[in-house]
$ cat coords-v3.txt   # compact mmCIF, N, CA, C and O atoms
# COMPACT_ATOMS: atom_id res chain seq x y z
N ALA A 1 0.82 -1.19 0.00
CA ALA A 1 0.00 0.00 0.00
C ALA A 1 0.87 1.26 0.00
O ALA A 1 0.56 2.22 -0.68
N ARG A 2 1.96 1.21 0.75
CA ARG A 2 2.86 2.36 0.82
C ARG A 2 3.45 2.65 -0.56
O ARG A 2 3.46 3.81 -1.01
N ASN A 3 3.92 1.62 -1.25
CA ASN A 3 4.51 1.81 -2.58
C ASN A 3 3.48 2.29 -3.59
O ASN A 3 3.81 3.11 -4.45
N LEU A 4 2.26 1.80 -3.50
CA LEU A 4 1.21 2.27 -4.40
C LEU A 4 0.94 3.75 -4.18
O LEU A 4 0.76 4.51 -5.14
N ALA A 5 0.93 4.17 -2.92
CA ALA A 5 0.71 5.59 -2.61
C ALA A 5 1.86 6.43 -3.13
O ALA A 5 1.65 7.50 -3.72
N LEU A 6 3.09 5.97 -2.94
CA LEU A 6 4.25 6.70 -3.43
C LEU A 6 4.25 6.79 -4.96
O LEU A 6 4.58 7.82 -5.53
N ASP A 7 3.86 5.69 -5.61
CA ASP A 7 3.78 5.69 -7.07
C ASP A 7 2.75 6.70 -7.56
O ASP A 7 2.97 7.41 -8.54
N GLU A 8 1.62 6.79 -6.89
CA GLU A 8 0.57 7.73 -7.28
C GLU A 8 1.05 9.17 -7.09
O GLU A 8 0.78 10.03 -7.92
N ILE A 9 1.76 9.43 -6.02
CA ILE A 9 2.31 10.77 -5.78
C ILE A 9 3.28 11.13 -6.91
O ILE A 9 3.24 12.24 -7.44
N LYS A 10 4.13 10.20 -7.28
CA LYS A 10 5.09 10.43 -8.35
C LYS A 10 4.37 10.70 -9.67
O LYS A 10 4.70 11.63 -10.41
N ARG A 11 3.35 9.88 -10.00
CA ARG A 11 2.60 10.07 -11.24
C ARG A 11 1.92 11.44 -11.26
O ARG A 11 1.92 12.13 -12.28
N THR A 12 1.36 11.84 -10.15
CA THR A 12 0.69 13.14 -10.07
C THR A 12 1.69 14.27 -10.28
O THR A 12 1.41 15.22 -11.01
N ARG A 13 2.87 14.16 -9.67
CA ARG A 13 3.90 15.19 -9.84
C ARG A 13 4.34 15.30 -11.29
O ARG A 13 4.46 16.40 -11.84
N ILE A 14 4.52 14.17 -11.94
CA ILE A 14 4.95 14.18 -13.33
C ILE A 14 3.87 14.76 -14.23
O ILE A 14 4.15 15.58 -15.10
N ARG A 15 2.61 14.38 -14.02
CA ARG A 15 1.52 14.92 -14.83
C ARG A 15 1.41 16.43 -14.66
O ARG A 15 1.20 17.17 -15.62
N THR A 16 1.56 16.90 -13.42
CA THR A 16 1.50 18.33 -13.15
C THR A 16 2.64 19.06 -13.86
O THR A 16 2.43 20.12 -14.46
N THR A 17 3.82 18.47 -13.82
CA THR A 17 4.97 19.08 -14.48
C THR A 17 4.74 19.18 -15.97
O THR A 17 5.00 20.22 -16.58
N TRP A 18 4.25 18.12 -16.59
CA TRP A 18 4.02 18.15 -18.03
C TRP A 18 2.88 19.09 -18.39
O TRP A 18 2.90 19.74 -19.43
N ALA A 19 1.88 19.21 -17.53
CA ALA A 19 0.80 20.16 -17.79
C ALA A 19 1.34 21.58 -17.78
O ALA A 19 0.99 22.39 -18.63
N ARG A 20 2.24 21.87 -16.82
CA ARG A 20 2.87 23.19 -16.80
C ARG A 20 3.69 23.42 -18.06
O ARG A 20 3.64 24.48 -18.66
N ALA A 21 4.45 22.41 -18.45
CA ALA A 21 5.29 22.54 -19.63
C ALA A 21 4.44 22.70 -20.89
O ALA A 21 4.86 23.34 -21.85
N ALA A 22 3.26 22.15 -20.89
CA ALA A 22 2.37 22.25 -22.05
C ALA A 22 1.69 23.61 -22.12
O ALA A 22 0.93 23.88 -23.04
N GLY A 23 1.94 24.46 -21.14
CA GLY A 23 1.43 25.82 -21.22
C GLY A 23 0.28 26.13 -20.29
O GLY A 23 -0.32 27.18 -20.38
N LEU A 24 -0.03 25.23 -19.38
CA LEU A 24 -1.12 25.51 -18.46
C LEU A 24 -0.65 26.34 -17.28
O LEU A 24 -1.42 26.71 -16.43
N GLY A 25 0.63 26.63 -17.24
CA GLY A 25 1.19 27.46 -16.18
C GLY A 25 2.62 27.81 -16.53
O GLY A 25 3.20 27.27 -17.45
N ILE A 26 3.21 28.72 -15.77
CA ILE A 26 4.59 29.13 -15.99
C ILE A 26 5.40 28.68 -14.78
O ILE A 26 4.92 28.70 -13.66
N HIS A 27 6.65 28.29 -14.99
CA HIS A 27 7.51 27.84 -13.91
C HIS A 27 7.82 29.01 -12.99
O HIS A 27 8.52 29.94 -13.38
N ALA A 28 7.33 28.94 -11.79
CA ALA A 28 7.46 30.06 -10.86
C ALA A 28 8.87 30.23 -10.33
O ALA A 28 9.22 31.30 -9.85
N ASP A 29 9.71 29.19 -10.42
CA ASP A 29 11.03 29.29 -9.83
C ASP A 29 12.05 29.93 -10.77
O ASP A 29 13.21 30.03 -10.44
N ARG A 30 11.64 30.38 -11.93
CA ARG A 30 12.56 31.00 -12.88
C ARG A 30 12.36 32.51 -12.86
O ARG A 30 11.24 33.00 -12.82
N GLU A 31 13.46 33.24 -12.93
CA GLU A 31 13.36 34.70 -12.92
C GLU A 31 12.86 35.23 -14.25
O GLU A 31 12.14 36.20 -14.30
N ASP A 32 13.27 34.61 -15.36
CA ASP A 32 12.91 35.08 -16.69
C ASP A 32 12.22 33.94 -17.45
O ASP A 32 12.80 33.37 -18.36
N PRO A 33 10.99 33.60 -17.08
CA PRO A 33 10.34 32.46 -17.71
C PRO A 33 10.00 32.74 -19.17
O PRO A 33 9.78 33.87 -19.57
N LEU A 34 9.99 31.67 -19.97
CA LEU A 34 9.54 31.79 -21.34
C LEU A 34 8.05 32.09 -21.33
O LEU A 34 7.33 31.61 -20.46
N PRO A 35 7.57 32.87 -22.27
CA PRO A 35 6.13 33.08 -22.34
C PRO A 35 5.42 31.72 -22.50
O PRO A 35 5.94 30.82 -23.14
N SER A 36 4.27 31.61 -21.92
CA SER A 36 3.54 30.36 -21.93
C SER A 36 3.32 29.83 -23.34
O SER A 36 3.49 28.65 -23.59
N ALA A 37 2.96 30.67 -24.27
CA ALA A 37 2.70 30.23 -25.65
C ALA A 37 3.97 29.71 -26.31
O ALA A 37 3.95 28.72 -27.03
N GLU A 38 5.10 30.38 -26.05
CA GLU A 38 6.37 29.94 -26.63
C GLU A 38 6.78 28.59 -26.07
O GLU A 38 7.21 27.70 -26.81
N LEU A 39 6.65 28.41 -24.78
CA LEU A 39 6.99 27.15 -24.14
C LEU A 39 6.08 26.03 -24.64
O LEU A 39 6.54 24.93 -24.94
N ARG A 40 4.80 26.33 -24.74
CA ARG A 40 3.84 25.34 -25.24
C ARG A 40 4.21 24.91 -26.66
O ARG A 40 4.17 23.73 -27.00
N ALA A 41 4.59 25.86 -27.49
CA ALA A 41 4.97 25.55 -28.87
C ALA A 41 6.21 24.65 -28.90
O ALA A 41 6.28 23.71 -29.71
N GLU A 42 7.18 24.93 -28.04
CA GLU A 42 8.39 24.10 -27.98
C GLU A 42 8.06 22.67 -27.56
O GLU A 42 8.58 21.71 -28.13
N VAL A 43 7.22 22.54 -26.55
CA VAL A 43 6.84 21.21 -26.07
C VAL A 43 6.07 20.46 -27.15
O VAL A 43 6.35 19.29 -27.42
N GLU A 44 5.12 21.12 -27.77
CA GLU A 44 4.34 20.46 -28.82
C GLU A 44 5.21 20.05 -30.01
O GLU A 44 5.02 18.99 -30.59
N ALA A 45 6.18 20.89 -30.35
CA ALA A 45 7.10 20.54 -31.45
C ALA A 45 7.93 19.32 -31.09
O ALA A 45 8.13 18.43 -31.91
N ALA A 46 8.41 19.27 -29.85
CA ALA A 46 9.20 18.12 -29.40
C ALA A 46 8.36 16.86 -29.39
O ALA A 46 8.82 15.79 -29.80
N ILE A 47 7.11 16.97 -28.95
CA ILE A 47 6.22 15.82 -28.94
C ILE A 47 5.93 15.38 -30.37
O ILE A 47 5.88 14.18 -30.67
N GLY A 48 5.77 16.33 -31.27
CA GLY A 48 5.52 16.02 -32.67
C GLY A 48 6.65 15.28 -33.35
O GLY A 48 6.45 14.57 -34.33
N LYS A 49 7.86 15.42 -32.82
CA LYS A 49 9.03 14.74 -33.39
C LYS A 49 9.17 13.30 -32.91
O LYS A 49 10.01 12.57 -33.42
N LEU A 50 8.37 12.91 -31.92
CA LEU A 50 8.45 11.54 -31.42
C LEU A 50 7.97 10.56 -32.49
O LEU A 50 7.15 10.90 -33.34
N ALA A 51 8.47 9.33 -32.41
CA ALA A 51 7.99 8.27 -33.29
C ALA A 51 6.48 8.10 -33.06
O ALA A 51 6.00 8.33 -31.94
N PRO A 52 5.72 7.71 -34.08
CA PRO A 52 4.25 7.65 -33.95
C PRO A 52 3.74 6.84 -32.75
O PRO A 52 2.85 7.30 -32.03
N ARG A 53 4.28 5.66 -32.53
CA ARG A 53 3.80 4.84 -31.40
C ARG A 53 4.17 5.48 -30.07
O ARG A 53 3.37 5.48 -29.13
N ARG A 54 5.37 6.03 -29.98
CA ARG A 54 5.77 6.71 -28.75
C ARG A 54 4.88 7.91 -28.48
O ARG A 54 4.48 8.16 -27.35
N ARG A 55 4.58 8.67 -29.53
CA ARG A 55 3.73 9.84 -29.39
C ARG A 55 2.33 9.42 -28.93
O ARG A 55 1.74 10.05 -28.05
N GLU A 56 1.81 8.35 -29.50
CA GLU A 56 0.48 7.87 -29.11
C GLU A 56 0.46 7.45 -27.64
O GLU A 56 -0.46 7.82 -26.90
N VAL A 57 1.47 6.69 -27.23
CA VAL A 57 1.56 6.26 -25.82
C VAL A 57 1.67 7.49 -24.92
O VAL A 57 0.98 7.59 -23.91
N PHE A 58 2.52 8.43 -25.30
CA PHE A 58 2.70 9.64 -24.49
C PHE A 58 1.39 10.41 -24.34
O PHE A 58 1.02 10.81 -23.24
N HIS A 59 0.69 10.63 -25.45
CA HIS A 59 -0.58 11.37 -25.39
C HIS A 59 -1.61 10.65 -24.53
O HIS A 59 -2.30 11.29 -23.73
N LEU A 60 -1.74 9.35 -24.70
CA LEU A 60 -2.72 8.61 -23.91
C LEU A 60 -2.40 8.67 -22.42
O LEU A 60 -3.31 8.82 -21.60
N ALA A 61 -1.12 8.59 -22.09
CA ALA A 61 -0.73 8.60 -20.67
C ALA A 61 -0.78 10.00 -20.07
O ALA A 61 -1.36 10.21 -19.00
N ARG A 62 -0.20 10.97 -20.75
CA ARG A 62 -0.04 12.30 -20.15
C ARG A 62 -1.23 13.23 -20.35
O ARG A 62 -1.55 14.01 -19.48
N TYR A 63 -1.86 13.17 -21.49
CA TYR A 63 -2.96 14.10 -21.76
C TYR A 63 -4.34 13.50 -21.46
O TYR A 63 -5.28 14.23 -21.18
N HIS A 64 -4.45 12.18 -21.53
CA HIS A 64 -5.75 11.54 -21.29
C HIS A 64 -5.78 10.79 -19.97
O HIS A 64 -6.84 10.32 -19.57
N GLY A 65 -4.64 10.64 -19.31
CA GLY A 65 -4.59 10.02 -17.99
C GLY A 65 -4.80 8.52 -17.97
O GLY A 65 -5.14 7.96 -16.93
N PHE A 66 -4.59 7.84 -19.10
CA PHE A 66 -4.76 6.39 -19.13
C PHE A 66 -3.61 5.72 -18.39
O PHE A 66 -2.48 6.19 -18.41
N SER A 67 -3.91 4.59 -17.77
CA SER A 67 -2.86 3.79 -17.13
C SER A 67 -2.14 3.00 -18.21
O SER A 67 -2.63 2.84 -19.34
N TYR A 68 -0.98 2.48 -17.86
CA TYR A 68 -0.23 1.67 -18.82
C TYR A 68 -1.06 0.45 -19.25
O TYR A 68 -1.04 0.05 -20.40
N ARG A 69 -1.77 -0.12 -18.32
CA ARG A 69 -2.61 -1.29 -18.63
C ARG A 69 -3.71 -0.91 -19.64
O ARG A 69 -3.96 -1.64 -20.59
N GLU A 70 -4.35 0.23 -19.42
CA GLU A 70 -5.39 0.68 -20.35
C GLU A 70 -4.82 0.95 -21.74
O GLU A 70 -5.43 0.62 -22.76
N ILE A 71 -3.64 1.57 -21.78
CA ILE A 71 -3.00 1.85 -23.06
C ILE A 71 -2.65 0.55 -23.77
O ILE A 71 -2.88 0.40 -24.97
N ALA A 72 -2.11 -0.41 -23.02
CA ALA A 72 -1.73 -1.70 -23.59
C ALA A 72 -2.94 -2.39 -24.21
O ALA A 72 -2.87 -2.92 -25.33
N GLN A 73 -4.07 -2.37 -23.52
CA GLN A 73 -5.28 -3.00 -24.03
C GLN A 73 -5.78 -2.27 -25.28
O GLN A 73 -6.16 -2.90 -26.26
N ALA A 74 -5.77 -0.96 -25.26
CA ALA A 74 -6.26 -0.18 -26.40
C ALA A 74 -5.39 -0.36 -27.64
O ALA A 74 -5.90 -0.40 -28.76
N MET A 75 -4.07 -0.48 -27.43
CA MET A 75 -3.14 -0.57 -28.56
C MET A 75 -2.81 -2.01 -28.93
O MET A 75 -2.14 -2.25 -29.95
N GLY A 76 -3.25 -2.97 -28.11
CA GLY A 76 -2.98 -4.37 -28.40
C GLY A 76 -1.51 -4.75 -28.21
O GLY A 76 -0.98 -5.57 -28.96
N ILE A 77 -0.87 -4.13 -27.22
CA ILE A 77 0.53 -4.43 -26.92
C ILE A 77 0.65 -4.75 -25.44
O ILE A 77 -0.31 -4.57 -24.68
N SER A 78 1.82 -5.21 -25.01
CA SER A 78 2.00 -5.55 -23.60
C SER A 78 2.23 -4.29 -22.76
O SER A 78 2.64 -3.24 -23.28
N VAL A 79 1.99 -4.44 -21.47
CA VAL A 79 2.21 -3.33 -20.54
C VAL A 79 3.69 -2.95 -20.54
O VAL A 79 4.02 -1.76 -20.49
N GLN A 80 4.58 -3.93 -20.64
CA GLN A 80 6.01 -3.64 -20.68
C GLN A 80 6.38 -2.84 -21.92
O GLN A 80 7.22 -1.95 -21.86
N THR A 81 5.75 -3.14 -23.05
CA THR A 81 6.01 -2.39 -24.28
C THR A 81 5.57 -0.94 -24.10
O THR A 81 6.25 -0.01 -24.55
N VAL A 82 4.44 -0.74 -23.45
CA VAL A 82 3.97 0.63 -23.16
C VAL A 82 5.01 1.35 -22.29
O VAL A 82 5.38 2.49 -22.58
N ALA A 83 5.49 0.67 -21.26
CA ALA A 83 6.49 1.27 -20.38
C ALA A 83 7.76 1.61 -21.16
O ALA A 83 8.36 2.68 -20.96
N ASN A 84 8.16 0.72 -22.05
CA ASN A 84 9.36 0.97 -22.86
C ASN A 84 9.16 2.18 -23.78
O ASN A 84 10.05 3.03 -23.91
N HIS A 85 7.98 2.27 -24.42
CA HIS A 85 7.68 3.42 -25.29
C HIS A 85 7.68 4.72 -24.48
O HIS A 85 8.21 5.74 -24.93
N MET A 86 7.10 4.69 -23.30
CA MET A 86 7.01 5.89 -22.48
C MET A 86 8.40 6.32 -22.02
O MET A 86 8.73 7.52 -22.06
N SER A 87 9.20 5.38 -21.59
CA SER A 87 10.56 5.68 -21.16
C SER A 87 11.36 6.30 -22.30
O SER A 87 12.05 7.32 -22.11
N ALA A 88 11.25 5.73 -23.47
CA ALA A 88 11.97 6.25 -24.64
C ALA A 88 11.44 7.63 -25.03
O ALA A 88 12.22 8.52 -25.39
N ALA A 89 10.12 7.81 -24.96
CA ALA A 89 9.53 9.11 -25.30
C ALA A 89 10.03 10.19 -24.36
O ALA A 89 10.41 11.29 -24.79
N LEU A 90 10.05 9.90 -23.06
CA LEU A 90 10.54 10.89 -22.09
C LEU A 90 12.02 11.20 -22.30
O LEU A 90 12.43 12.36 -22.20
N ALA A 91 12.80 10.18 -22.62
CA ALA A 91 14.23 10.41 -22.90
C ALA A 91 14.39 11.30 -24.13
O ALA A 91 15.21 12.23 -24.13
N ASP A 92 13.61 11.02 -25.18
CA ASP A 92 13.66 11.84 -26.40
C ASP A 92 13.27 13.28 -26.11
O ASP A 92 13.89 14.23 -26.61
N LEU A 93 12.23 13.47 -25.29
CA LEU A 93 11.78 14.82 -24.97
C LEU A 93 12.81 15.58 -24.15
O LEU A 93 13.01 16.77 -24.36
N ARG A 94 13.45 14.89 -23.22
CA ARG A 94 14.49 15.55 -22.44
C ARG A 94 15.62 16.05 -23.34
O ARG A 94 16.19 17.11 -23.11
N LYS A 95 15.96 15.26 -24.35
CA LYS A 95 17.02 15.67 -25.28
C LYS A 95 16.55 16.83 -26.16
O LYS A 95 17.31 17.74 -26.46
N SER A 96 15.30 16.77 -26.61
CA SER A 96 14.78 17.78 -27.52
C SER A 96 14.54 19.12 -26.84
O SER A 96 14.73 20.17 -27.45
N LEU A 97 14.11 19.08 -25.60
CA LEU A 97 13.76 20.32 -24.89
C LEU A 97 14.97 20.86 -24.14
O LEU A 97 15.18 20.59 -22.98
N LEU A 98 15.74 21.62 -24.83
CA LEU A 98 16.92 22.23 -24.22
C LEU A 98 16.51 23.56 -23.60
O LEU A 98 16.82 24.63 -24.11
N LEU A 99 15.78 23.47 -22.51
CA LEU A 99 15.27 24.66 -21.85
C LEU A 99 16.34 25.27 -20.96
O LEU A 99 17.26 24.58 -20.51
N PRO A 100 16.24 26.56 -20.67
CA PRO A 100 17.22 27.22 -19.80
C PRO A 100 17.25 26.58 -18.42
O PRO A 100 16.31 25.92 -17.99
N ALA A 101 18.34 26.82 -17.70
CA ALA A 101 18.48 26.30 -16.34
C ALA A 101 17.29 26.72 -15.49
O ALA A 101 16.78 27.83 -15.62
N GLY A 102 16.85 25.85 -14.65
CA GLY A 102 15.72 26.14 -13.78
C GLY A 102 14.40 25.63 -14.31
O GLY A 102 13.41 25.64 -13.59
N ALA A 103 14.36 25.19 -15.56
CA ALA A 103 13.12 24.65 -16.10
C ALA A 103 12.82 23.32 -15.43
O ALA A 103 13.72 22.53 -15.19
N ILE A 104 11.58 23.10 -15.11
CA ILE A 104 11.18 21.88 -14.43
C ILE A 104 10.88 20.82 -15.46
O ILE A 104 10.04 21.01 -16.34
N LEU A 105 11.59 19.70 -15.37
CA LEU A 105 11.34 18.56 -16.25
C LEU A 105 11.07 17.34 -15.40
O LEU A 105 11.64 17.19 -14.33
N PRO A 106 10.19 16.44 -15.86
CA PRO A 106 9.94 15.23 -15.08
C PRO A 106 11.15 14.34 -15.03
O PRO A 106 11.95 14.33 -15.94
N THR A 107 11.26 13.59 -13.95
CA THR A 107 12.40 12.68 -13.81
C THR A 107 12.04 11.30 -14.27
O THR A 107 10.93 10.95 -14.42
$ encode --input "coords-v3.txt" --output "structure tokens"
Amino acid sequence: ARNLALDEIKRTRIRTTWARAAGLGIHADREDPLPSAELRAEVEAAIGKLAPRRREVFHLARYHGFSYREIAQAMGISVQTVANHMSAALADLRKSLLLPAGAILPT
């Protein structure tokens, strides 16, 4: 139960971070934040560069809130494959989004 609670806290933190990065808010810890529209455009461009399956997994997980199990069932793939696609998508996004120091990125 403890690990499930910790996992949920982590998922919530990551979703909140990506929502901010998508333009629903500005990073308050930066002195000179990028305008929300500019940041949103950068994030959307980086997401658009993802491989199609990775992009689909990312959208279902981050924007629609589906669990890995739900995504796996919808796409007809294993839960581990979903996890692999998500991990690769996040790694690709971290490389693509060369934001200034202080930008909040999910871990």
$ residues_around --input "coords-v3.txt" --residues "range 79-89 of chain A" --least-positions-apart "6" --cutoff "9 Å" --atoms "only C-alpha atoms" --output "short mmCIF file (atom, residue, chain, number, x, y, z; two decimals) with N, CA, C and O atoms, in the coordinates of the input"
data_model
loop_
_atom_site.label_atom_id
_atom_site.label_comp_id
_atom_site.auth_asym_id
_atom_site.auth_seq_id
_atom_site.Cartn_x
_atom_site.Cartn_y
_atom_site.Cartn_z
N ILE A 47 7.11 16.97 -28.95
CA ILE A 47 6.22 15.82 -28.94
C ILE A 47 5.93 15.38 -30.37
O ILE A 47 5.88 14.18 -30.67
N LEU A 50 8.37 12.91 -31.92
CA LEU A 50 8.45 11.54 -31.42
C LEU A 50 7.97 10.56 -32.49
O LEU A 50 7.15 10.90 -33.34
N ALA A 51 8.47 9.33 -32.41
CA ALA A 51 7.99 8.27 -33.29
C ALA A 51 6.48 8.10 -33.06
O ALA A 51 6.00 8.33 -31.94
N ARG A 53 4.28 5.66 -32.53
CA ARG A 53 3.80 4.84 -31.40
C ARG A 53 4.17 5.48 -30.07
O ARG A 53 3.37 5.48 -29.13
N ARG A 54 5.37 6.03 -29.98
CA ARG A 54 5.77 6.71 -28.75
C ARG A 54 4.88 7.91 -28.48
O ARG A 54 4.48 8.16 -27.35
N ARG A 55 4.58 8.67 -29.53
CA ARG A 55 3.73 9.84 -29.39
C ARG A 55 2.33 9.42 -28.93
O ARG A 55 1.74 10.05 -28.05
N VAL A 57 1.47 6.69 -27.23
CA VAL A 57 1.56 6.26 -25.82
C VAL A 57 1.67 7.49 -24.92
O VAL A 57 0.98 7.59 -23.91
N PHE A 58 2.52 8.43 -25.30
CA PHE A 58 2.70 9.64 -24.49
C PHE A 58 1.39 10.41 -24.34
O PHE A 58 1.02 10.81 -23.24
N ALA A 61 -1.12 8.59 -22.09
CA ALA A 61 -0.73 8.60 -20.67
C ALA A 61 -0.78 10.00 -20.07
O ALA A 61 -1.36 10.21 -19.00
N TYR A 68 -0.98 2.48 -17.86
CA TYR A 68 -0.23 1.67 -18.82
C TYR A 68 -1.06 0.45 -19.25
O TYR A 68 -1.04 0.05 -20.40
N ARG A 69 -1.77 -0.12 -18.32
CA ARG A 69 -2.61 -1.29 -18.63
C ARG A 69 -3.71 -0.91 -19.64
O ARG A 69 -3.96 -1.64 -20.59
N GLU A 70 -4.35 0.23 -19.42
CA GLU A 70 -5.39 0.68 -20.35
C GLU A 70 -4.82 0.95 -21.74
O GLU A 70 -5.43 0.62 -22.76
N ILE A 71 -3.64 1.57 -21.78
CA ILE A 71 -3.00 1.85 -23.06
C ILE A 71 -2.65 0.55 -23.77
O ILE A 71 -2.88 0.40 -24.97
N ALA A 72 -2.11 -0.41 -23.02
CA ALA A 72 -1.73 -1.70 -23.59
C ALA A 72 -2.94 -2.39 -24.21
O ALA A 72 -2.87 -2.92 -25.33
N GLN A 73 -4.07 -2.37 -23.52
CA GLN A 73 -5.28 -3.00 -24.03
C GLN A 73 -5.78 -2.27 -25.28
O GLN A 73 -6.16 -2.90 -26.26
#
$ atom_distance --input "coords-v3.txt" --atom1 "atom O of Val43 in chain A" --atom2 "CA of Met75 in chain A"
22.0 Å
$ atom_distance --input "coords-v3.txt" --atom1 "CA of Leu93 in chain A" --atom2 "CA of Lys49 in chain A"
8.9 Å
$ closest_residue --input "coords-v3.txt" --among "A:His59, A:Ala46, A:Gly76, A:His64" --to "Leu97 in chain A" --atoms "all atoms listed in the file"
A:Ala46
$ atom_distance --input "coords-v3.txt" --atom1 "CA of Trp18 in chain A" --atom2 "CA of Arg62 in chain A"
7.4 Å
$ axis_aligned_box --input "coords-v3.txt" --around "range 71-78 of chain A" --padding-each-side "3 Å" --output "JSON"
{"center_x": -1.8, "center_y": -1.9, "center_z": -25.9, "size_x": 14.9, "size_y": 13.4, "size_z": 14.2}
